[in-house]
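Chemist: I'd like to ask some things about the structure below.
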Amino acid sequence: MADIMKGKSFKFGDDISTDHIAPGRLFHLRTNLPELAKHVLEDADPEFAKKVQKGDFVVAGNNFGLGSSREHAPTIIKMAGVSAVLAKSFARIFYRNAINVGLPVLICDTDQIDEGDQLEVDLAGGLIKDVTKGIELTFSPLPDAMITILNDGGLVAHIEKNKGFKFD
């Protein structure tokens, strides 16, 4: 994972559920995640999957990822190329699932970030630069263990790589 992630923001509101992220009507695609990823967030923004590019950010309000505990939701966000999700708060199970699949999730004030803003995010430094607006926002830096898991590609990849948990 890059020290500084760079990309464009896609802004969503409060209470974006796992059904918004991975629509339940497409449950039959759960064994074909690349196909399901083509529909990521389409119930919140029908064009998102077509517009998002590698490195971009999902930016949201409160309670992002509420609803079911399906791991498909953070997985297909990551597969779509999103480098991180920034939100005021996350549903607890979504937050854990995201880290487990290697998708950074950052709790921060997102009010000043607008759709299309160019962002630079420093995970270790706890800093978000909104290049479009020339402002800096902060968040609590992720713990080293969490950054290690993210850098390894998620919890399973970390355990396979280290033959168990290993944090220096």
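Naming works like this for the structure tokens: A, B, ... for the chains as they're shown, residue 1 at the start of each chain, ligands 1 onward in shown order.
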List the spatial neighbours of Lys54 (chain A) as number ranges by chain - criterion: any atom at most 9 Å away, only C-alpha atoms, same-chain residues fewer than 6 positions off excluded.
Modeler: A: 7, 80-83
Chemist: I need the strand (DSSP E or B) residues of chain A per DSSP on the backbone, written as a PyMOL selection string.
Modeler: chain A and resi 4-11+17+57-59+64+66+84-87+90+105-107+118-122+127-130+135-138
Chemist: Would you mind telling me which residue in A:Asn63, A:Ser68, A:Thr18, A:Thr75 lies nearest to Glu42 (chain A) when using only C-alpha atoms?
Modeler: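 Looking only at the distances to Glu42 (chain A), the closest residue turns out to be A:Thr18.
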Chemist: Applying 12 Å and only C-alpha atoms, which residues near Ile77 (chain A) remain after dropping the ones on its own chain fewer than 5 positions away? List them as number ranges by chain.
Modeler: A: 18, 20-22, 33-34, 36-42, 48-49, 52-58, 65, 71-72, 82-85, 94, 97-98, 101-105
Chemist: Identify, on the basis of only C-alpha atoms, every residue whose closest approach to Thr148 (chain A) does not exceed 10 Å; exclude the query and any residue fewer than 5 positions from it along the same chain; express the result as a PDB file with all heavy atoms, in the first residue's frame.
Modeler:
```pdb
ATOM      1  N   MET A   1       0.852  -1.170   0.000  1.00  0.00           N
ATOM      2  CA  MET A   1       0.000   0.000   0.000  1.00  0.00           C
ATOM      3  C   MET A   1       0.897   1.233   0.000  1.00  0.00           C
ATOM      4  O   MET A   1       1.888   1.289   0.710  1.00  0.00           O
ATOM      5  CB  MET A   1      -0.889  -0.039   1.241  1.00  0.00           C
ATOM      6  CG  MET A   1      -1.880   1.073   1.306  1.00  0.00           C
ATOM      7  SD  MET A   1      -3.129   0.776   2.566  1.00  0.00           S
ATOM      8  CE  MET A   1      -3.907  -0.673   1.902  1.00  0.00           C
ATOM      9  N   GLY A 102      -8.549  -5.892   3.770  1.00  0.00           N
ATOM     10  CA  GLY A 102      -7.477  -5.011   3.311  1.00  0.00           C
ATOM     11  C   GLY A 102      -7.951  -3.676   2.758  1.00  0.00           C
ATOM     12  O   GLY A 102      -7.222  -3.034   1.993  1.00  0.00           O
ATOM     13  N   LEU A 142      -4.069   5.177  12.056  1.00  0.00           N
ATOM     14  CA  LEU A 142      -4.357   3.776  12.326  1.00  0.00           C
ATOM     15  C   LEU A 142      -3.218   3.159  13.133  1.00  0.00           C
ATOM     16  O   LEU A 142      -2.043   3.494  12.917  1.00  0.00           O
ATOM     17  CB  LEU A 142      -4.540   3.008  11.020  1.00  0.00           C
ATOM     18  CG  LEU A 142      -5.704   3.455  10.134  1.00  0.00           C
ATOM     19  CD1 LEU A 142      -5.722   2.653   8.845  1.00  0.00           C
ATOM     20  CD2 LEU A 142      -7.020   3.321  10.858  1.00  0.00           C
ATOM     21  N   PRO A 143      -3.535   2.242  14.036  1.00  0.00           N
ATOM     22  CA  PRO A 143      -2.485   1.549  14.778  1.00  0.00           C
ATOM     23  C   PRO A 143      -1.554   0.787  13.833  1.00  0.00           C
ATOM     24  O   PRO A 143      -1.976   0.329  12.765  1.00  0.00           O
ATOM     25  CB  PRO A 143      -3.256   0.576  15.676  1.00  0.00           C
ATOM     26  CG  PRO A 143      -4.655   1.081  15.713  1.00  0.00           C
ATOM     27  CD  PRO A 143      -4.875   1.809  14.417  1.00  0.00           C
ATOM     28  N   GLY A 153      -2.483  -6.958   2.692  1.00  0.00           N
ATOM     29  CA  GLY A 153      -3.630  -7.269   1.840  1.00  0.00           C
ATOM     30  C   GLY A 153      -4.839  -7.780   2.590  1.00  0.00           C
ATOM     31  O   GLY A 153      -5.794  -8.259   1.984  1.00  0.00           O
ATOM     32  N   GLY A 154      -4.826  -7.693   3.911  1.00  0.00           N
ATOM     33  CA  GLY A 154      -5.950  -8.141   4.727  1.00  0.00           C
ATOM     34  C   GLY A 154      -5.501  -9.166   5.748  1.00  0.00           C
ATOM     35  O   GLY A 154      -4.340  -9.589   5.774  1.00  0.00           O
ATOM     36  N   LEU A 155      -6.425  -9.565   6.606  1.00  0.00           N
ATOM     37  CA  LEU A 155      -6.092 -10.451   7.719  1.00  0.00           C
ATOM     38  C   LEU A 155      -5.655 -11.838   7.260  1.00  0.00           C
ATOM     39  O   LEU A 155      -4.655 -12.364   7.744  1.00  0.00           O
ATOM     40  CB  LEU A 155      -7.285 -10.550   8.671  1.00  0.00           C
ATOM     41  CG  LEU A 155      -7.056 -11.355   9.943  1.00  0.00           C
ATOM     42  CD1 LEU A 155      -5.902 -10.769  10.755  1.00  0.00           C
ATOM     43  CD2 LEU A 155      -8.329 -11.399  10.763  1.00  0.00           C
ATOM     44  N   HIS A 158      -2.256 -11.665   5.784  1.00  0.00           N
ATOM     45  CA  HIS A 158      -1.263 -11.442   6.842  1.00  0.00           C
ATOM     46  C   HIS A 158      -0.938 -12.749   7.567  1.00  0.00           C
ATOM     47  O   HIS A 158       0.231 -13.061   7.798  1.00  0.00           O
ATOM     48  CB  HIS A 158      -1.773 -10.395   7.846  1.00  0.00           C
ATOM     49  CG  HIS A 158      -0.901 -10.261   9.043  1.00  0.00           C
ATOM     50  ND1 HIS A 158       0.270  -9.544   9.019  1.00  0.00           N
ATOM     51  CD2 HIS A 158      -1.005 -10.783  10.290  1.00  0.00           C
ATOM     52  CE1 HIS A 158       0.844  -9.616  10.202  1.00  0.00           C
ATOM     53  NE2 HIS A 158       0.087 -10.367  10.988  1.00  0.00           N
ATOM     54  N   LYS A 166       1.743 -11.604  13.377  1.00  0.00           N
ATOM     55  CA  LYS A 166       3.097 -11.131  13.652  1.00  0.00           C
ATOM     56  C   LYS A 166       3.128  -9.624  13.434  1.00  0.00           C
ATOM     57  O   LYS A 166       2.902  -9.146  12.328  1.00  0.00           O
ATOM     58  CB  LYS A 166       4.126 -11.804  12.761  1.00  0.00           C
ATOM     59  CG  LYS A 166       5.543 -11.359  13.072  1.00  0.00           C
ATOM     60  CD  LYS A 166       6.566 -12.054  12.234  1.00  0.00           C
ATOM     61  CE  LYS A 166       7.930 -11.538  12.599  1.00  0.00           C
ATOM     62  NZ  LYS A 166       8.947 -12.019  11.702  1.00  0.00           N
ATOM     63  N   PHE A 167       3.398  -8.930  14.518  1.00  0.00           N
ATOM     64  CA  PHE A 167       3.502  -7.472  14.442  1.00  0.00           C
ATOM     65  C   PHE A 167       4.788  -7.062  15.127  1.00  0.00           C
ATOM     66  O   PHE A 167       5.042  -7.431  16.268  1.00  0.00           O
ATOM     67  CB  PHE A 167       2.305  -6.809  15.136  1.00  0.00           C
ATOM     68  CG  PHE A 167       0.995  -7.278  14.563  1.00  0.00           C
ATOM     69  CD1 PHE A 167       0.181  -8.144  15.262  1.00  0.00           C
ATOM     70  CD2 PHE A 167       0.593  -6.860  13.315  1.00  0.00           C
ATOM     71  CE1 PHE A 167      -1.029  -8.582  14.740  1.00  0.00           C
ATOM     72  CE2 PHE A 167      -0.603  -7.296  12.768  1.00  0.00           C
ATOM     73  CZ  PHE A 167      -1.411  -8.152  13.479  1.00  0.00           C
ATOM     74  N   ASP A 168       5.594  -6.320  14.390  1.00  0.00           N
ATOM     75  CA  ASP A 168       6.871  -5.878  14.964  1.00  0.00           C
ATOM     76  C   ASP A 168       6.692  -4.641  15.805  1.00  0.00           C
ATOM     77  O   ASP A 168       5.835  -3.864  15.695  1.00  0.00           O
ATOM     78  CB  ASP A 168       7.881  -5.589  13.849  1.00  0.00           C
ATOM     79  CG  ASP A 168       8.220  -6.867  13.082  1.00  0.00           C
ATOM     80  OD1 ASP A 168       8.235  -7.931  13.712  1.00  0.00           O
ATOM     81  OD2 ASP A 168       8.445  -6.769  11.862  1.00  0.00           O
TER      82      ASP A 168
END
```
Chemist: Here is a test: counting only C-alpha atoms, which residue of A:Lys133, A:Lys8, A:Lys51, A:Arg96 is nearest to Ile149 (chain A)?
Modeler: A:Arg96
Chemist: How would you write, as a list in words, the set of residues in region 61-131 of chain A that DSSP gives as alpha helix (DSSP H)?
Modeler: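 Answer for region 61-131 of chain A restricted to alpha helix (DSSP H) is His72, Ala73, Pro74, Thr75, Ile76, Ile77, Lys78, Met79, Arg92, Ile93, Phe94, Tyr95, Arg96, Asn97, Ala98, Ile99, Asn100 and Val101 of chain A.
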Chemist: Calculated over only C-alpha atoms, which of the candidates A:Ser9, A:Ser89, A:Thr138, A:Asn151 has the smallest distance to Leu119 (chain A)?
Modeler: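 For Leu119 (chain A), the nearest of the given residues is A:Ser9.
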Chemist: So how many Å separate CA of Thr132 (chain A) and CA of Lys78 (chain A), to one decimal?
Modeler: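 Calculated distance between CA of Thr132 (chain A) and CA of Lys78 (chain A) is 23.8 Å.
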Chemist: Please provide as a PyMOL selection string all residues within 8 Å of region 121-129 of chain A, with the sequence filter that same-chain residues fewer than 3 positions apart are discarded (counting only C-alpha atoms).
Modeler: chain A and resi 3-6+134-142+144+147
Chemist: Go through A:Glu35, A:Asp14, A:Asp43, A:Asp117 one by one, measure the shortest atom-to-atom distance of each to Ala87 (chain A) using only C-alpha atoms, and give the residue with the smallest value.
Modeler: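 Using only C-alpha atoms, the shortest distance to Ala87 (chain A) belongs to A:Asp14.
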